[in-house]
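File shown: protein_7.txt. Contents: compact mmCIF, C-alpha atoms.
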```
# COMPACT_ATOMS: atom_id res chain seq x y z
CA MET W 1 29.98 98.77 113.23
CA ALA W 2 33.08 99.84 115.04
CA SER W 3 36.31 99.89 113.07
CA SER W 4 39.27 97.88 114.38
CA THR W 5 42.10 99.90 115.80
CA VAL W 6 45.82 99.29 115.15
CA PRO W 7 48.08 99.47 118.22
CA GLY W 8 50.26 102.54 118.30
CA TRP W 9 53.53 100.55 118.29
CA VAL W 10 52.42 98.67 115.12
CA GLU W 11 51.61 101.92 113.35
CA SER W 12 54.98 103.35 114.38
CA LEU W 13 56.74 100.18 113.19
CA ARG W 14 55.11 100.40 109.77
CA ILE W 15 55.93 104.10 109.42
CA VAL W 16 59.60 103.44 110.22
CA LEU W 17 59.75 100.62 107.66
CA ARG W 18 58.06 102.70 104.94
CA GLU W 19 60.72 105.37 105.45
CA SER W 20 63.70 102.99 105.63
CA VAL W 21 62.89 100.26 103.05
CA GLY W 22 59.83 101.58 101.17
CA PRO W 23 56.18 100.55 100.82
CA SER W 24 56.99 97.20 99.19
CA TYR W 25 57.76 95.72 102.61
CA SER W 26 54.83 95.21 104.97
CA VAL W 27 54.58 93.44 108.31
CA MET W 28 51.62 91.89 110.09
CA GLU W 29 50.79 89.39 112.79
CA GLN W 30 50.21 85.70 112.08
CA ALA W 31 49.82 83.05 114.77
CA GLY W 32 51.52 85.32 117.29
CA LYS W 33 54.63 85.86 115.11
CA ALA W 34 55.77 88.71 112.89
CA ARG W 35 54.99 88.01 109.24
CA LEU W 36 56.75 89.86 106.39
CA GLN W 37 55.33 90.31 102.89
CA VAL W 38 57.46 91.68 100.04
CA ARG W 39 55.93 92.93 96.79
CA PHE W 40 58.32 92.81 93.81
CA ARG W 41 58.22 95.03 90.72
CA ASN W 42 56.85 92.22 88.55
CA GLY W 43 53.84 91.93 90.84
CA ASN W 44 54.96 88.76 92.62
CA ARG W 45 54.64 88.60 96.38
CA LYS W 46 56.73 86.59 98.83
CA THR W 47 56.12 86.06 102.53
CA THR W 48 58.09 84.62 105.41
CA THR W 49 57.62 84.32 109.13
CA LEU W 50 60.22 86.12 111.23
CA ASP W 51 61.46 84.45 114.39
CA TYR W 52 60.05 87.18 116.65
CA GLU W 53 56.88 87.34 118.72
CA TRP W 54 54.42 90.01 117.51
CA GLN W 55 54.84 92.36 120.45
CA LYS W 56 56.05 95.87 121.14
CA ALA W 57 59.26 94.68 122.87
CA ASN W 58 60.43 93.17 119.55
CA SER W 59 59.60 96.12 117.28
CA ARG W 60 63.24 97.21 116.98
CA LYS W 61 64.42 93.65 116.20
CA ILE W 62 61.68 93.25 113.60
CA THR W 63 62.72 96.53 111.98
CA GLU W 64 66.38 95.49 111.83
CA GLU W 65 65.47 92.08 110.38
CA VAL W 66 63.34 93.60 107.61
CA GLU W 67 66.07 96.15 106.82
CA GLU W 68 68.61 93.32 106.59
CA ILE W 69 66.33 91.40 104.20
CA ALA W 70 65.93 94.50 102.05
CA ARG W 71 69.70 95.00 101.97
CA LEU W 72 70.29 91.43 100.82
CA LEU W 73 67.59 91.60 98.14
CA ASN W 74 68.87 94.94 96.85
CA GLY W 75 72.35 93.43 96.76
CA GLY W 76 71.25 90.82 94.25
CA ARG W 77 70.41 87.83 96.47
CA SER W 78 67.42 85.69 95.48
CA TRP W 79 64.46 85.36 97.80
CA ASP W 80 65.36 81.76 98.69
CA GLU W 81 68.95 82.76 99.47
CA VAL W 82 67.80 85.59 101.72
CA VAL W 83 65.39 83.35 103.63
CA ALA W 84 68.16 80.76 104.10
CA VAL W 85 70.51 83.44 105.48
CA ILE W 86 67.90 84.74 107.93
CA LYS W 87 66.95 81.25 109.12
CA ARG W 88 70.62 80.36 109.63
CA LYS W 89 71.22 83.46 111.74
CA THR W 90 68.18 83.06 113.94
CA SER W 91 68.71 79.32 114.43
CA THR W 92 72.05 79.95 116.16
CA ALA W 93 71.04 83.02 118.19
CA PRO W 94 69.53 81.30 121.27
CA ILE W 95 72.72 79.41 122.20
CA PRO W 96 74.20 80.81 125.42
CA ALA W 97 77.50 82.66 125.05
CA ASP W 98 79.44 80.22 127.21
CA GLU W 99 78.14 77.04 125.57
CA PRO W 100 80.33 75.23 122.99
CA GLN W 101 79.11 75.34 119.39
CA PRO W 102 81.05 72.57 117.57
CA ASP W 103 78.46 71.94 114.86
CA LEU W 104 78.11 75.63 114.07
CA LEU W 105 81.87 76.16 113.85
CA LEU W 106 82.48 73.21 111.54
CA ARG W 107 79.50 74.07 109.35
CA ALA W 108 80.63 77.68 109.11
CA PHE W 109 84.21 76.63 108.32
CA ASP W 110 82.98 74.47 105.43
CA ILE W 111 80.91 77.34 104.03
CA TRP W 112 83.92 79.68 104.30
CA SER W 113 86.60 77.36 102.93
CA VAL W 114 84.71 75.57 100.17
CA ASP W 115 81.91 77.92 99.11
CA TYR W 116 83.46 81.33 99.79
CA MET W 117 87.26 81.00 99.51
CA TYR W 118 87.43 78.30 96.82
CA LYS W 119 84.25 78.39 94.72
CA GLN W 120 82.92 81.93 95.05
CA THR W 121 85.93 84.25 95.32
CA ARG W 122 88.64 81.84 94.04
CA LYS W 123 91.05 83.22 96.64
CA ILE W 124 92.64 79.80 97.15
CA GLU W 125 93.66 76.88 94.95
CA LYS W 126 92.36 73.32 95.30
CA SER W 127 95.77 72.31 96.66
CA THR W 128 95.42 74.87 99.47
CA LEU W 129 91.89 73.69 100.24
CA ASP W 130 93.04 70.07 100.43
CA GLY W 131 96.25 70.89 102.28
CA GLN W 132 96.50 73.87 104.62
CA TYR W 133 92.74 74.38 105.03
CA ALA W 134 92.04 70.68 105.56
CA LYS W 135 94.69 70.62 108.29
CA ALA W 136 93.09 73.65 109.98
CA ARG W 137 89.63 72.04 109.79
CA LYS W 138 90.91 68.85 111.36
CA ARG W 139 92.38 70.83 114.24
CA LEU W 140 89.15 72.83 114.53
CA SER W 141 87.16 69.61 114.89
CA GLU W 142 89.45 68.62 117.77
CA VAL W 143 89.01 71.89 119.68
CA SER W 144 85.50 72.92 118.61
CA ASN W 145 84.28 72.65 122.21
CA ALA W 146 86.05 75.98 122.85
CA ALA W 147 84.00 78.66 124.57
CA ASN W 148 85.17 81.61 122.46
CA ALA W 149 87.77 82.77 119.93
CA HIS W 150 90.56 83.19 122.49
CA ASP W 151 89.92 79.76 123.98
CA LEU W 152 89.78 78.18 120.52
CA LEU W 153 93.07 79.64 119.29
CA ILE W 154 94.85 78.79 122.55
CA LYS W 155 93.73 75.16 122.30
CA ALA W 156 94.40 74.95 118.54
CA GLY W 157 98.11 75.63 118.94
CA GLN W 158 98.80 73.40 121.92
CA CYS W 159 99.59 70.23 119.96
CA TRP W 160 102.62 71.79 118.20
CA GLU W 161 105.85 73.39 119.34
CA PRO W 162 105.61 77.19 119.65
CA GLY W 163 106.47 79.16 116.54
CA ILE W 164 106.82 76.31 114.05
CA ARG W 165 105.35 76.73 110.58
CA VAL W 166 102.41 74.33 110.88
CA ARG W 167 101.27 76.06 114.08
CA GLN W 168 101.53 79.46 112.39
CA GLN W 169 99.50 78.27 109.39
CA VAL W 170 96.71 76.67 111.41
CA ILE W 171 96.36 79.62 113.83
CA ARG W 172 96.33 82.18 111.01
CA THR W 173 93.86 80.13 108.97
CA LEU W 174 91.48 79.74 111.90
CA ALA W 175 91.76 83.43 112.83
CA LYS W 176 91.05 84.38 109.22
CA PHE W 177 87.99 82.10 109.26
CA LEU W 178 86.69 83.66 112.47
CA ARG W 179 87.10 87.18 111.07
CA TRP W 180 84.99 86.15 108.10
CA GLY W 181 82.44 84.47 110.36
CA VAL W 182 81.72 87.68 112.29
CA SER W 183 81.67 89.88 109.19
CA GLN W 184 79.05 90.98 106.68
CA ASP W 185 80.65 88.66 104.07
CA SER W 186 79.27 85.68 106.01
CA ASP W 187 76.01 87.44 106.89
CA TYR W 188 77.27 87.33 110.48
CA ILE W 189 77.03 83.58 110.84
CA LEU W 190 79.07 83.79 114.05
CA ASP W 191 78.37 85.99 117.07
CA SER W 192 81.04 88.70 117.16
CA THR W 193 80.81 89.05 120.94
CA LYS W 194 82.03 85.49 121.21
CA TRP W 195 84.01 84.62 118.09
CA GLU W 196 85.79 87.79 116.97
CA PRO W 197 89.57 87.12 117.17
CA LYS W 198 92.37 89.61 117.62
CA PRO W 199 93.30 91.70 114.55
CA LYS W 200 95.69 90.38 111.96
CA GLY W 201 99.27 90.68 113.14
CA ASN W 202 98.34 90.27 116.81
CA LEU W 203 98.37 86.47 117.08
CA SER W 204 101.78 86.02 118.69
CA GLU W 205 100.39 84.69 121.97
CA TYR W 206 98.76 81.81 120.07
CA ILE W 207 101.65 81.12 117.68
CA GLY W 208 104.41 81.45 120.27
CA GLU W 209 108.16 81.73 119.72
CA LYS W 210 110.48 79.01 118.52
CA SER W 211 112.79 77.46 121.06
CA PHE W 212 116.52 77.97 120.70
CA GLN W 213 116.92 74.40 119.39
CA THR W 214 114.20 74.90 116.80
CA ARG W 215 115.69 78.23 115.68
CA VAL W 216 119.08 76.58 115.20
CA LYS W 217 117.51 73.88 113.04
CA SER W 218 115.47 76.38 111.02
CA VAL W 219 118.48 78.41 109.93
CA GLU W 220 120.19 75.40 108.41
CA PRO W 221 119.91 76.06 104.67
CA THR W 222 118.26 73.75 102.18
CA VAL W 223 121.15 72.74 99.97
CA ALA W 224 121.30 73.62 96.27
CA LEU W 225 122.19 70.92 93.78
CA GLU W 226 125.27 71.55 91.67
CA ASP W 227 125.27 71.00 87.91
CA ASP W 228 127.07 67.64 87.90
CA GLU W 229 124.69 66.36 90.60
CA ILE W 230 121.65 67.51 88.64
CA LEU W 231 122.88 65.79 85.48
CA GLY W 232 123.73 62.67 87.43
CA ILE W 233 120.20 62.41 88.84
CA ILE W 234 118.47 63.19 85.54
CA ASN W 235 120.59 60.78 83.50
CA SER W 236 120.14 57.98 86.04
CA LEU W 237 116.36 57.76 85.73
CA PRO W 238 115.18 54.46 84.15
CA VAL W 239 113.83 55.88 80.89
CA ASP W 240 114.76 52.62 79.11
CA SER W 241 113.12 50.31 81.65
CA LYS W 242 111.47 47.16 80.33
CA HIS W 243 108.41 47.93 82.41
CA PRO W 244 106.11 50.37 80.57
CA ARG W 245 104.85 52.02 83.75
CA ASP W 246 108.35 52.61 85.13
CA ARG W 247 109.55 53.82 81.74
CA ARG W 248 106.67 56.29 81.42
CA SER W 249 107.15 57.68 84.96
CA ALA W 250 110.88 58.04 84.41
CA LYS W 251 110.38 60.02 81.18
CA GLN W 252 107.78 62.26 82.83
CA TRP W 253 109.93 63.04 85.87
CA GLN W 254 113.05 63.45 83.76
CA PHE W 255 111.28 66.13 81.73
CA ALA W 256 109.98 67.75 84.93
CA LEU W 257 113.47 67.88 86.48
CA GLN W 258 114.94 69.30 83.26
CA LEU W 259 112.37 72.11 83.37
CA MET W 260 112.88 72.82 87.08
CA SER W 261 116.67 72.88 86.71
CA THR W 262 116.91 74.88 83.49
CA PHE W 263 114.42 77.62 84.41
CA GLY W 264 114.61 77.62 88.22
CA LEU W 265 110.97 76.60 88.62
CA ARG W 266 109.00 75.60 91.68
CA PRO W 267 107.82 71.99 91.23
CA GLY W 268 104.19 73.04 90.72
CA GLU W 269 105.09 75.56 88.00
CA ILE W 270 106.03 72.91 85.42
CA TYR W 271 102.35 72.68 84.41
CA PHE W 272 102.04 76.38 83.55
CA LEU W 273 104.62 76.90 80.80
CA GLU W 274 104.09 78.29 77.32
CA VAL W 275 106.24 79.51 74.45
CA ARG W 276 105.60 83.01 73.11
CA VAL W 277 107.08 84.54 69.97
CA VAL W 278 108.21 88.11 70.67
CA LYS W 279 109.90 90.09 67.89
CA GLY W 280 110.72 86.88 66.09
CA GLN W 281 112.30 85.25 69.15
CA PHE W 282 111.00 82.32 71.19
CA GLN W 283 110.45 83.10 74.85
CA VAL W 284 109.39 80.70 77.60
CA TRP W 285 106.82 82.06 80.07
CA CYS W 286 105.43 80.68 83.32
CA ASN W 287 101.74 81.55 83.77
CA TYR W 288 101.45 80.31 87.33
CA GLN W 289 100.06 83.02 89.60
CA LYS W 290 101.11 82.41 93.20
CA LYS W 291 98.37 83.49 95.60
CA ASN W 292 98.57 84.67 99.17
CA ASP W 293 96.23 86.53 101.51
CA THR W 294 96.82 89.96 99.98
CA SER W 295 98.11 89.61 96.44
CA LEU W 296 98.18 87.59 93.28
CA GLY W 297 101.42 86.92 91.46
CA LYS W 298 101.91 87.70 87.77
CA PRO W 299 103.03 85.54 84.85
CA ARG W 300 106.76 85.91 84.28
CA ARG W 301 109.29 85.16 81.60
CA VAL W 302 111.75 82.45 82.62
CA HIS W 303 115.32 82.12 81.41
CA ALA W 304 117.49 79.11 80.68
CA LEU W 305 120.68 78.87 82.71
CA PRO W 306 122.81 77.38 81.38
CA PRO W 307 121.45 78.03 77.88
CA GLU W 308 123.08 74.82 76.61
CA TRP W 309 120.48 72.74 78.46
CA LEU W 310 117.70 74.49 76.55
CA LYS W 311 119.14 73.21 73.26
CA GLU W 312 120.50 69.90 74.51
CA TRP W 313 117.10 68.85 75.87
CA ASN W 314 115.10 70.53 73.05
CA LEU W 315 112.94 72.24 75.65
CA VAL W 316 111.32 74.93 73.48
CA ASP W 317 109.83 72.42 71.04
CA ARG W 318 108.82 70.07 73.82
CA ILE W 319 107.04 72.83 75.73
CA GLN W 320 105.24 73.96 72.57
CA ASN W 321 103.97 70.43 71.94
CA MET W 322 103.54 69.41 75.56
CA THR W 323 100.54 67.27 76.52
CA GLU W 324 99.29 65.94 79.86
CA ASP W 325 101.10 62.66 79.21
CA ASP W 326 104.51 64.39 79.06
CA LEU W 327 104.52 65.40 82.73
CA PRO W 328 103.76 63.53 85.98
CA VAL W 329 100.05 63.14 86.64
CA LYS W 330 98.66 66.06 88.67
CA THR W 331 97.01 65.02 91.91
CA SER W 332 95.66 66.84 94.93
CA ALA W 333 98.98 66.13 96.64
CA ASN W 334 101.79 68.68 96.64
CA VAL W 335 103.91 68.33 93.48
CA GLY W 336 107.12 68.69 95.46
CA GLU W 337 106.06 65.86 97.76
CA ALA W 338 105.22 63.65 94.78
CA CYS W 339 108.66 64.41 93.34
CA ARG W 340 110.34 63.57 96.65
CA LYS W 341 108.54 60.22 96.83
CA TYR W 342 109.55 59.34 93.27
CA LEU W 343 113.22 60.20 93.79
CA SER W 344 113.50 58.71 97.29
CA GLY W 345 114.36 55.24 96.01
CA LYS W 346 116.65 56.27 93.15
CA PRO W 347 120.32 55.35 93.78
CA VAL W 348 121.99 58.59 92.65
CA TRP W 349 119.53 60.74 94.60
CA LYS W 350 120.03 58.58 97.70
CA ALA W 351 123.81 58.79 97.40
CA ILE W 352 123.80 62.58 97.22
CA LYS W 353 121.24 62.84 100.01
CA GLU W 354 123.52 60.94 102.40
CA ASN W 355 125.86 63.95 102.45
CA LYS W 356 123.55 66.86 101.56
CA ALA W 357 120.07 67.80 102.80
CA ILE W 358 118.59 67.99 99.30
CA ILE W 359 114.89 68.25 98.50
CA PRO W 360 113.03 68.73 95.17
CA TYR W 361 113.41 72.51 95.56
CA SER W 362 117.18 71.94 95.39
CA PHE W 363 116.89 71.87 91.57
CA ARG W 364 115.39 75.38 91.70
CA HIS W 365 117.97 76.46 94.27
CA GLY W 366 120.70 75.27 91.91
CA TRP W 367 119.49 77.78 89.31
CA SER W 368 119.80 80.62 91.83
CA LEU W 369 123.30 79.61 92.86
CA ARG W 370 124.33 79.26 89.21
CA SER W 371 122.84 82.63 88.31
CA HIS W 372 125.09 84.39 90.82
CA LEU W 373 128.31 82.40 90.80
CA ASP W 374 128.51 81.37 87.13
CA PHE W 375 126.64 84.16 85.37
CA GLY W 376 127.12 87.10 87.75
CA LEU W 377 123.47 88.12 87.94
CA SER W 378 122.41 90.53 90.67
CA ASP W 379 119.94 89.52 93.36
CA THR W 380 117.36 91.84 91.77
CA VAL W 381 117.56 90.12 88.38
CA SER W 382 117.61 86.61 89.82
CA ALA W 383 114.66 87.33 92.12
CA LYS W 384 112.55 88.66 89.23
CA ALA W 385 113.36 85.64 87.09
CA MET W 386 112.41 83.28 89.93
CA GLY W 387 109.16 85.06 90.72
CA HIS W 388 109.71 86.35 94.26
CA THR W 389 110.86 89.52 95.99
CA VAL W 390 114.48 90.52 96.52
CA ALA W 391 113.94 90.29 100.29
CA VAL W 392 112.75 86.70 100.04
CA HIS W 393 115.55 85.90 97.62
CA ASN W 394 118.27 87.17 99.93
CA GLN W 395 116.73 85.56 102.98
CA ILE W 396 116.75 82.13 101.33
CA TYR W 397 119.74 82.08 99.05
CA SER W 398 122.33 83.96 101.06
CA GLN W 399 122.47 80.85 103.25
CA TYR W 400 124.01 78.86 100.40
CA ILE W 401 127.21 80.85 100.31
CA THR W 402 129.55 78.53 102.20
CA GLU W 403 133.25 79.16 102.73
CA GLY W 404 134.04 76.94 99.74
CA LEU W 405 131.67 78.84 97.50
CA MET W 406 133.05 82.14 98.76
CA ASP W 407 136.57 81.04 97.80
CA GLU W 408 135.34 80.00 94.36
CA ALA W 409 133.47 83.30 93.84
CA ILE W 410 136.47 85.39 94.96
CA GLU W 411 138.76 83.43 92.64
CA LYS W 412 136.43 84.07 89.71
CA GLY W 413 136.40 87.76 90.61
CA ILE W 414 140.18 87.92 90.64
CA ASN W 415 140.38 86.12 87.29
CA TYR W 416 137.84 88.53 85.85
CA ARG W 417 139.92 91.48 87.09
CA ASN W 418 143.05 90.02 85.54
CA LEU W 419 141.35 89.38 82.20
CA THR W 420 139.91 92.89 81.96
CA LYS W 421 142.81 94.84 83.48
CA ASP W 422 144.68 95.30 80.21
CA ILE W 423 141.49 96.18 78.33
CA LYS W 424 140.85 99.09 80.71
```

I need this file expressed as structure tokens, please.
Amino acid sequence: MASSTVPGWVESLRIVLRESVGPSYSVMEQAGKARLQVRFRNGNRKTTTLDYEWQKANSRKITEEVEEIARLLNGGRSWDEVVAVIKRKTSTAPIPADEPQPDLLLRAFDIWSVDYMYKQTRKIEKSTLDGQYAKARKRLSEVSNAANAHDLLIKAGQCWEPGIRVRQQVIRTLAKFLRWGVSQDSDYILDSTKWEPKPKGNLSEYIGEKSFQTRVKSVEPTVALEDDEILGIINSLPVDSKHPRDRRSAKQWQFALQLMSTFGLRPGEIYFLEVRVVKGQFQVWCNYQKKNDTSLGKPRRVHALPPEWLKEWNLVDRIQNMTEDDLPVKTSANVGEACRKYLSGKPVWKAIKENKAIIPYSFRHGWSLRSHLDFGLSDTVSAKAMGHTVAVHNQIYSQYITEGLMDEAIEKGINYRNLTKDIK
């Protein structure tokens, strides 16, 4: 009886695989397709059909597929996860390079934003997922008939003026998504020959430059609230309203505004405060960690300016005993936007807003202005207390120094010189 012979290319294929991934991986033919069998250390065996015809022309592709499966398994993926990855890759491969792939792009974006960025790596907060990323996905759905990365990013920016913030955010978010899609992190869910965008920092042709009119508007500073204005707004809230719901909201927002004003907090930071006892002294700390693409902020100690508000509003005790009912209800919406909506109908806020372009951040800005003009803190100290860099601090807050404030600061400096002249 004559023994069956194995084709030379099959023998060569098996030798290559034994050397690259070991004897636990074996390939054979089944119904005209390449079939892979993997033997695990516990004796279990798993098999799957590869999406390649069992022929010599595909030997290199079969080898690369088996090596990829071995890499994923050795990296800790389960068998079912590996099979899902391989099926996902091969199911998208036959699409011609110039044919739109809207379903693939949206599916990949959801995997990246929800599963990878939010759930798996925790690189973004829920608010970012529901805000900036949701906006980018909506725009992606509108331009997903693009032929490639360049076409997609060109189309994505066309509905906004060049250079404005929302256009920057959407373009950068989509470019970041595409970089992930063509990388090993995504198991190469997108074809790099088609969807690889330009490197980070080279997106200017998609973002564009602001027009002269837009640049003029953008340099107009957001106004800081002064102390008497802050007190006027806080004291005007209807904390004694006959309506329980209005009374509760007023007390919650009053407390929130007291915290923002006293410690120079961002609106969203009011939920991350704690009191620590250090060397017998009470200190207030903010544990919010601001995230961006490259770094994660650190908890910081915050300081009461003026210190009288800390005592007048009994903030240390209230922070120590704070419950969810003491602050406005957290929603998926931006806290600053929720604050703006609440204050928009309040008479004192409206009266001030008629003459000054105030926003909820104006309470935080008031702390910065106060720290320099009333307490003489340097930009380095103020920036550290507020949780941002000196460069950011100077870029934002130098705009507040109007001629009137300059006169006031110079007068205080002269008075200080006169008071200390005899002492020297």

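Of the residues listed (W:Asn145, W:Gln289, W:Asn74, W:Ser344), W:Gln289 shows the shortest atom-to-atom separation from Lys123 of chain W; distances use only C-alpha atoms.
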
Report task. Could you check which of W:Glu274, W:Glu209, W:Asp151, W:Glu81 is closest to Lys194 of chain W, using only C-alpha atoms? Result ->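 Among the listed residues, W:Asp151 lies closest to Lys194 of chain W.
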
Query - Among listed residues W:Met117, W:Ala146, W:Val170, W:Ala250, nearest Leu343 of chain W (using only C-alpha atoms) - result: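 For Leu343 of chain W, the nearest of the given residues is W:Ala250.
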
Query raised in the report: What is the distance, in Å and to one decimal place, between atom CA of Met28 of chain W and atom CA of Tyr52 of chain W?
Result: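 Here the two named atoms are 11.7 Å from each other.
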
Query raised in the report: Between atom CA of Ser241 of chain W and atom CA of Trp253 of chain W, what is the distance, to one decimal in Å?
Result: 13.8 Å

Report task. Choose the residue, out of W:Ser78, W:Lys346, W:Glu324, W:Gln120, that has the smallest atom-to-atom separation from Asp185 of chain W; count only C-alpha atoms. Result ->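 Answer, going by the shortest atom-to-atom distance: W:Gln120.
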
Requested in this report: Select, from W:Gln55, W:Leu310, W:Leu327, W:Ser186, the residue with the minimum atom-to-atom distance to Gln254 of chain W, counting only C-alpha atoms.
Outcome: W:Leu327

Requested in this report: Kindly give the distance, in Å, that separates atom CA of Ala351 of chain W and atom CA of Pro328 of chain W, rounded to a single decimal.
Outcome: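 Value for the atom CA of Ala351 of chain W-atom CA of Pro328 of chain W distance: 23.6 Å.
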
Report summary line: If you count only C-alpha atoms, the residue of W:Lys87, W:Arg107, W:Arg18, W:Lys298 closest to Thr63 of chain W turns out to be W:Arg18

Listed atoms of segment 29-45 of chain W, axis-aligned box, 5 Å per side: centre and edge lengths to one decimal in Å, as lines of an AutoDock Vina configuration file?
```
center_x = 54.1
center_y = 89.0
center_z = 102.9
size_x = 18.5
size_y = 22.0
size_z = 38.7
```
